[in-house]
Structure formats: C-alpha cells, structure tokens
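Heads up, final-v6.txt below (compact mmCIF, C-alpha atoms):
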```txt
# COMPACT_ATOMS: atom_id res chain seq x y z
CA MET A 1 -241.56 -174.67 192.36
CA ASN A 2 -242.62 -174.18 188.77
CA ALA A 3 -243.25 -177.80 187.76
CA HIS A 4 -244.09 -176.93 184.16
CA ALA A 5 -240.88 -174.96 183.68
CA SER A 6 -238.87 -177.68 185.41
CA THR A 7 -240.27 -180.35 183.11
CA ALA A 8 -239.62 -178.22 180.07
CA ARG A 9 -236.02 -177.75 181.09
CA ALA A 10 -235.52 -181.42 181.86
CA GLU A 11 -236.99 -182.65 178.57
CA PRO A 12 -236.62 -179.92 175.93
CA SER A 13 -238.43 -180.78 172.69
CA GLN A 14 -237.02 -177.86 170.73
CA PRO A 15 -234.48 -175.08 171.24
CA ILE A 16 -235.72 -172.42 173.65
CA ARG A 17 -235.35 -168.81 172.54
CA ILE A 18 -233.28 -166.39 174.56
CA GLY A 19 -236.40 -164.33 175.28
CA ASP A 20 -238.19 -167.34 176.75
CA HIS A 21 -235.16 -168.14 178.91
CA LEU A 22 -234.98 -164.60 180.21
CA ARG A 23 -238.70 -164.45 180.97
CA GLU A 24 -238.49 -167.75 182.85
CA TRP A 25 -235.59 -166.55 184.98
CA ARG A 26 -237.21 -163.16 185.59
CA GLN A 27 -240.43 -164.80 186.75
CA ARG A 28 -238.49 -167.24 188.92
CA ARG A 29 -236.84 -164.25 190.62
CA ARG A 30 -240.25 -162.60 190.96
CA MET A 31 -239.15 -159.48 189.11
CA SER A 32 -241.25 -157.37 186.79
CA GLN A 33 -239.91 -156.23 183.43
CA LEU A 34 -239.68 -152.73 184.87
CA ASP A 35 -237.67 -153.94 187.87
CA LEU A 36 -235.21 -155.93 185.75
CA ALA A 37 -234.86 -153.17 183.17
CA GLY A 38 -234.04 -150.69 185.94
CA GLU A 39 -231.46 -153.03 187.45
CA ALA A 40 -229.84 -153.65 184.05
CA GLU A 41 -230.06 -149.96 183.02
CA ILE A 42 -232.05 -150.60 179.84
CA SER A 43 -235.55 -149.57 178.86
CA ALA A 44 -238.49 -151.76 179.82
CA ARG A 45 -239.64 -151.49 176.21
CA HIS A 46 -236.36 -152.95 174.91
CA LEU A 47 -236.49 -155.78 177.47
CA SER A 48 -240.04 -156.55 176.38
CA PHE A 49 -238.88 -156.71 172.76
CA VAL A 50 -236.05 -159.09 173.73
CA GLU A 51 -238.43 -161.39 175.62
CA THR A 52 -240.90 -161.52 172.73
CA GLY A 53 -238.20 -162.04 170.11
CA ARG A 54 -238.69 -158.66 168.42
CA ALA A 55 -235.13 -157.61 169.35
CA ALA A 56 -231.89 -159.58 169.66
CA PRO A 57 -229.74 -158.83 172.72
CA SER A 58 -226.01 -158.28 172.51
CA ARG A 59 -223.64 -160.61 174.30
CA ASP A 60 -222.96 -157.95 176.93
CA MET A 61 -226.67 -157.48 177.51
CA VAL A 62 -227.23 -161.21 178.00
CA LEU A 63 -224.47 -161.30 180.59
CA ARG A 64 -225.71 -158.14 182.29
CA LEU A 65 -229.27 -159.47 182.56
CA ALA A 66 -227.98 -162.84 183.81
CA GLU A 67 -225.93 -161.07 186.48
CA ARG A 68 -228.94 -159.05 187.68
CA LEU A 69 -231.05 -162.21 187.75
CA ASP A 70 -228.36 -164.11 189.67
CA VAL A 71 -228.42 -166.89 187.08
CA PRO A 72 -225.93 -169.72 187.87
CA LEU A 73 -222.85 -169.77 185.63
CA ARG A 74 -223.90 -173.05 184.01
CA GLU A 75 -227.21 -171.49 182.96
CA ARG A 76 -225.54 -168.29 181.79
CA ASN A 77 -223.82 -170.39 179.16
CA VAL A 78 -227.25 -171.71 178.14
CA LEU A 79 -228.51 -168.15 177.78
CA LEU A 80 -225.52 -167.18 175.64
CA VAL A 81 -225.88 -170.17 173.34
CA SER A 82 -229.62 -169.58 172.92
CA ALA A 83 -228.78 -165.99 171.88
CA GLY A 84 -226.28 -167.23 169.31
CA PHE A 85 -223.06 -166.63 171.24
CA ALA A 86 -220.31 -168.92 172.47
CA PRO A 87 -220.31 -169.99 176.14
CA ALA A 88 -218.32 -167.67 178.41
CA PHE A 89 -217.67 -169.86 181.43
CA PRO A 90 -215.43 -172.95 181.33
CA GLN A 91 -216.12 -176.16 183.20
CA ARG A 92 -213.01 -178.07 184.23
CA PRO A 93 -212.56 -181.11 186.46
CA LEU A 94 -211.01 -180.32 189.83
CA GLU A 95 -207.91 -182.24 188.73
CA ASP A 96 -207.32 -179.72 185.94
CA PRO A 97 -204.04 -177.78 186.43
CA ALA A 98 -206.00 -174.52 186.14
CA LEU A 99 -207.85 -175.39 189.36
CA LYS A 100 -204.77 -176.54 191.28
CA SER A 101 -204.77 -173.55 193.61
CA ALA A 102 -208.50 -173.97 194.31
CA ARG A 103 -208.05 -177.67 195.08
CA GLN A 104 -205.16 -176.80 197.41
CA ALA A 105 -207.39 -174.26 199.16
CA ILE A 106 -210.09 -176.91 199.64
CA ASP A 107 -207.60 -179.41 201.05
CA LEU A 108 -206.16 -176.73 203.33
CA VAL A 109 -209.57 -175.82 204.75
CA LEU A 110 -210.54 -179.46 205.32
CA LYS A 111 -207.22 -180.31 206.98
CA ALA A 112 -207.18 -177.17 209.13
CA HIS A 113 -210.69 -177.92 210.37
CA GLU A 114 -209.57 -181.13 212.11
CA PRO A 115 -210.32 -182.52 214.66
CA ASN A 116 -213.76 -181.42 213.46
CA PRO A 117 -215.37 -183.11 210.43
CA ALA A 118 -215.62 -181.29 207.11
CA LEU A 119 -216.46 -182.27 203.56
CA ALA A 120 -216.89 -180.83 200.07
CA TYR A 121 -219.69 -181.72 197.66
CA ASP A 122 -220.81 -180.75 194.17
CA ARG A 123 -224.03 -179.13 192.93
CA HIS A 124 -225.96 -182.41 193.29
CA TRP A 125 -224.62 -183.06 196.81
CA ASN A 126 -222.25 -185.80 195.64
CA LEU A 127 -219.19 -186.06 197.85
CA VAL A 128 -216.01 -184.65 196.31
CA THR A 129 -213.64 -185.00 199.25
CA ALA A 130 -213.65 -185.05 203.05
CA ASN A 131 -211.19 -184.82 205.91
CA ARG A 132 -210.33 -187.89 207.96
CA MET A 133 -212.81 -187.03 210.75
CA VAL A 134 -215.83 -187.87 208.59
CA ALA A 135 -215.05 -191.60 208.29
CA PRO A 136 -215.48 -192.43 212.03
CA LEU A 137 -219.01 -191.03 211.90
CA LEU A 138 -219.87 -193.49 209.13
CA ASP A 139 -218.70 -196.65 210.91
CA GLY A 140 -221.12 -199.50 210.25
CA ILE A 141 -222.79 -197.94 207.23
CA PRO A 142 -223.15 -200.57 204.45
CA GLU A 143 -220.40 -200.20 201.86
CA ARG A 144 -222.91 -200.14 199.02
CA LEU A 145 -224.25 -196.83 200.36
CA LEU A 146 -220.78 -195.31 200.40
CA GLY A 147 -219.83 -196.10 196.80
CA GLN A 148 -219.39 -193.44 194.17
CA PRO A 149 -221.26 -191.31 193.56
CA PHE A 150 -221.73 -190.94 197.31
CA ASN A 151 -224.69 -188.60 197.76
CA VAL A 152 -224.56 -186.79 201.08
CA LEU A 153 -228.30 -186.12 201.29
CA ARG A 154 -229.36 -189.65 200.32
CA LEU A 155 -227.11 -191.01 203.08
CA ALA A 156 -228.75 -188.68 205.61
CA PHE A 157 -232.25 -189.87 204.68
CA HIS A 158 -231.61 -193.56 203.95
CA PRO A 159 -233.05 -196.06 206.48
CA GLU A 160 -229.75 -197.98 206.37
CA GLY A 161 -227.69 -194.81 206.42
CA LEU A 162 -227.63 -192.06 209.02
CA ALA A 163 -231.40 -191.77 209.49
CA PRO A 164 -231.71 -194.45 212.25
CA ARG A 165 -228.78 -192.86 214.10
CA THR A 166 -230.03 -189.28 213.92
CA VAL A 167 -231.66 -188.34 217.21
CA ASN A 168 -233.50 -185.27 215.89
CA LEU A 169 -234.29 -186.85 212.52
CA ALA A 170 -237.47 -184.85 211.82
CA GLU A 171 -235.86 -181.46 212.49
CA TRP A 172 -232.58 -182.24 210.72
CA CYS A 173 -234.16 -183.70 207.58
CA ALA A 174 -236.72 -180.88 207.41
CA HIS A 175 -233.80 -178.44 207.51
CA LEU A 176 -232.00 -180.31 204.71
CA LEU A 177 -235.16 -180.44 202.58
CA GLU A 178 -235.66 -176.70 203.01
CA ARG A 179 -232.10 -176.07 201.84
CA LEU A 180 -232.57 -178.34 198.86
CA HIS A 181 -235.88 -176.71 197.98
CA ARG A 182 -234.22 -173.28 197.93
CA GLN A 183 -231.57 -174.68 195.59
CA CYS A 184 -234.23 -176.08 193.28
CA GLU A 185 -235.98 -172.72 193.18
CA ALA A 186 -232.72 -170.89 192.53
CA THR A 187 -231.31 -173.18 189.84
CA ALA A 188 -234.25 -175.10 188.28
CA ASP A 189 -231.82 -178.04 188.04
CA PRO A 190 -233.81 -181.15 186.97
CA GLU A 191 -231.53 -183.53 188.88
CA LEU A 192 -231.88 -181.51 192.08
CA ILE A 193 -235.64 -181.44 191.64
CA LYS A 194 -235.65 -185.22 191.23
CA LEU A 195 -233.45 -185.59 194.32
CA TYR A 196 -235.87 -183.39 196.29
CA HIS A 197 -238.86 -185.56 195.38
CA ASP A 198 -236.89 -188.77 196.01
CA LEU A 199 -235.93 -187.61 199.51
CA LYS A 200 -239.50 -186.62 200.32
CA SER A 201 -240.52 -190.25 199.66
CA TYR A 202 -238.38 -191.56 202.53
CA PRO A 203 -240.25 -192.40 205.77
CA ILE A 204 -239.12 -189.36 207.75
CA PRO A 205 -241.37 -188.27 210.64
CA ALA A 206 -242.92 -184.80 210.47
CA ARG A 207 -241.38 -182.04 212.55
CA ALA A 208 -243.26 -181.92 215.86
CA GLY A 209 -243.25 -178.17 216.29
CA PRO A 210 -241.09 -175.04 216.41
CA LEU A 211 -237.59 -175.22 217.81
CA SER A 212 -236.93 -174.24 221.37
CA SER A 213 -236.04 -170.59 221.86
CA ASP A 214 -232.82 -171.81 223.51
CA ASN A 215 -231.49 -173.05 220.15
CA VAL A 216 -229.34 -170.73 218.05
CA ALA A 217 -229.04 -173.21 215.14
CA ILE A 218 -230.50 -176.58 214.18
CA PRO A 219 -228.05 -179.18 215.50
CA PHE A 220 -227.17 -182.50 213.94
CA LYS A 221 -227.45 -185.07 216.76
CA LEU A 222 -226.00 -188.50 216.06
CA ARG A 223 -226.03 -191.63 218.21
CA HIS A 224 -222.47 -192.91 218.42
CA ASP A 225 -220.45 -195.09 220.82
CA GLY A 226 -223.35 -195.35 223.25
CA GLY A 227 -223.80 -191.60 223.48
CA ILE A 228 -224.94 -188.66 221.42
CA LEU A 229 -222.69 -186.41 219.36
CA SER A 230 -224.06 -182.96 218.62
CA PHE A 231 -222.86 -180.65 215.83
CA PHE A 232 -223.78 -177.41 214.14
CA SER A 233 -222.61 -176.70 210.62
CA THR A 234 -221.58 -173.86 208.34
CA THR A 235 -221.41 -173.82 204.55
CA MET A 236 -218.72 -172.10 202.50
CA VAL A 237 -218.57 -171.39 198.78
CA PHE A 238 -215.98 -169.69 196.60
CA GLY A 239 -216.74 -165.98 196.46
CA THR A 240 -215.79 -164.98 192.92
CA PRO A 241 -215.66 -168.07 190.70
CA VAL A 242 -215.69 -167.86 186.91
CA ASP A 243 -215.38 -171.64 186.44
CA ILE A 244 -218.61 -173.64 186.57
CA THR A 245 -217.18 -176.51 188.64
CA LEU A 246 -215.80 -174.12 191.24
CA SER A 247 -219.02 -172.10 191.38
CA GLU A 248 -221.00 -175.25 192.19
CA LEU A 249 -218.71 -176.56 194.93
CA ALA A 250 -219.68 -176.23 198.61
CA LEU A 251 -217.69 -176.96 201.76
CA GLU A 252 -219.66 -178.08 204.82
CA THR A 253 -217.82 -177.73 208.12
CA PHE A 254 -219.12 -179.17 211.39
CA PHE A 255 -218.38 -177.87 214.89
CA PRO A 256 -219.04 -179.55 218.24
CA ALA A 257 -222.19 -178.20 219.88
CA ASP A 258 -221.29 -179.50 223.35
CA GLU A 259 -218.28 -180.48 225.45
CA ARG A 260 -218.84 -184.23 225.10
CA THR A 261 -218.68 -183.99 221.31
CA ALA A 262 -215.58 -181.79 221.44
CA ALA A 263 -213.84 -184.28 223.74
CA TRP A 264 -214.81 -187.24 221.52
CA LEU A 265 -213.43 -185.51 218.43
CA LYS A 266 -210.12 -184.73 220.12
CA ARG A 267 -209.81 -188.26 221.47
CA THR A 268 -210.66 -189.83 218.10
CA ALA A 269 -208.17 -187.61 216.24
CA ALA A 270 -205.42 -188.50 218.75
CA ASN A 271 -206.11 -192.24 218.34
CA MET A 272 -205.90 -191.87 214.54
CA GLY A 273 -202.35 -190.50 214.94
```
Have the structure of the file written as structure tokens, please.
Amino acid sequence: MNAHASTARAEPSQPIRIGDHLREWRQRRRMSQLDLAGEAEISARHLSFVETGRAAPSRDMVLRLAERLDVPLRERNVLLVSAGFAPAFPQRPLEDPALKSARQAIDLVLKAHEPNPALAYDRHWNLVTANRMVAPLLDGIPERLLGQPFNVLRLAFHPEGLAPRTVNLAEWCAHLLERLHRQCEATADPELIKLYHDLKSYPIPARAGPLSSDNVAIPFKLRHDGGILSFFSTTMVFGTPVDITLSELALETFFPADERTAAWLKRTAANMG
C-alpha cells in the first residue's frame, strides 16, 4: 500500500491537480503511460502532457481514463472536480425515492435467502441492513458493540465480539484482512486504511499454515448452542450502478457448510415463526 499517497489523500494541504490524480491512479493500477494511452485510445504523448499539466483533458477524456483505470465512482467525481468540471455521479441515501427499487431488491434478496443469514454493508463495512437470521448468531454480544454504526469487521475481530466464538479465528480473520487490504489498494480510502491498521492491532493468532486440500472455501466456524456452526459466504454487488451509494454497497450471504448447520438454521427459523 502506498502510505505516502494514502496520507496525502487523507490530509490534503492544497488542491491536487488532475494530472497528479491520474498519475497516482495509473501507478496504483501498475500501468505504464503507454498501456493506459492504448486502453483509452489516446497518444502516450498527450497523456504525458495531461499528467504534467501541459495539457488540460476534456470531461469525456477524464471519464474515459477513469473507466480504464477502474476508479471508484466517488473518486471519479474527485477527478472531474480537479479538472474543473462538475461531478457526474450522484450520492443519495438509500431512503431516497430514486433508490426505492434498489432498496426493494436488497430486501428481496435478504428475505429470500432465509433461513440462511445475509446482510448488507457500506464501503466501510458498516451494517446497512440484515435479515432476521443474523440476530440469533449475535446472542450474548454486548449491546454497546452492536450500536450504530455497527461495523461488521470490528465485531469479527473484537475480543468481546465474535472473535472468542470463532473456531478457526486465525484463518477467518486472515481472510477478512486480505479482503480489506485489496479494498484499500483498489480505493485508497483513508478510513478503510485506518480500519485495516486498527484490525491488525487486535490479538489475533497467526495462521498456522496452508488450508487443507479438502477445503473448497474458507469457512466461518462459530461456536453456538454447545456445538459448531459452519458457513461459507458469497458477496454480491450491483452490476451497473451510477449512484455512489449503490456502487459501494455489498451483500454478504452465508450458506450452511454442513448438515448440522443447515438443520439448526431451519429449526431456528421455524421457532421464530
């Protein structure tokens, strides 16, 4: 992770030029000027002039370069503003009428996934909503850890949260840290970078060694009701968002990894009515 760039983004002392932004993103994606110019169908010479401030890009060029660099929508607005243009991508709360259909889709997925647990979280891993099967897994967790904003990753690592209950704590937390690290590299988000370093400070044991060849995915194994519940998870995102909030939303769905867990989920859902 580029610590210097991350610090500069977190605490800007002066406006950053569009050329500096583009160079930073290009280097983060490990692309040469020639590679990016070829992808964007412009000359490497012109791209060099844009990066050094000798040429001003058009709005369309900024968006084209951002697309080729896979820049998050939030940061594409930053690029546009630094080039002297208005932001292109809105950011609305999920309660906004314009996002009603998206919110309905989220609720539909979460409800349809029962009796398996599922939840939705924002770009910083703060819980947005969850189906009713998540709550039973959190029985006994101190209320102060479940207040808003409820951070899913902090709960997984916290010594009063899920950490003491997680059977394969080293493997599961290493997996989560790797995911978070990839997000930090992809987005350069200062809050995510801070979260990453905060989580690394928790007393989590080191992973003992490589996973067994019998495993097809890293399971989440949780002590519960005198036994062990085992899950594997999938992550879903909206495929073609043009709203920042929607682009940063993720849905995590959990599936039973063994028959005992599947039976417990069905029994718990039936008791909940």
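Counting all atoms listed in the file, the residue from A:Ser230, A:Gln33, A:Gln148, A:Thr129 that sits nearest to Arg165 of chain A is A:Ser230.
Taking atom CA of Asn168 of chain A and atom CA of Arg207 of chain A as the two end points, the separation is 9.1 Å.
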**Report entry** Among listed residues A:Leu36, A:Leu138, A:Leu251, A:Ala206, nearest Ala105 of chain A (using all atoms listed in the file)
**Finding:** A:Leu251
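You will find atom CA of Leu265 of chain A at 17.9 Å from atom CA of Gly140 of chain A.
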Would you give me, as CSV, each residue of segment 73-120 of chain A having an atom within 8 Å of an atom of segment 17-32 of chain A, along with its shortest atom pair and that distance in Å to one decimal, using only C-alpha atoms and sorting by chain and residue number?
```
residue,atom,partner,partner_atom,distance
A:Leu79,CA,A:Ile18,CA,6.0
A:Leu80,CA,A:Ile18,CA,7.9
A:Ser82,CA,A:Ile18,CA,5.1
A:Ala83,CA,A:Ile18,CA,5.3
```
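Residues with any atom within 6 Å of segment 121-128 of chain A, counting all atoms listed in the file and excluding same-chain neighbours fewer than 3 positions away, are Pro149, Phe150, Asn151, Val152, Glu248, Leu249 and Ala250 of chain A.
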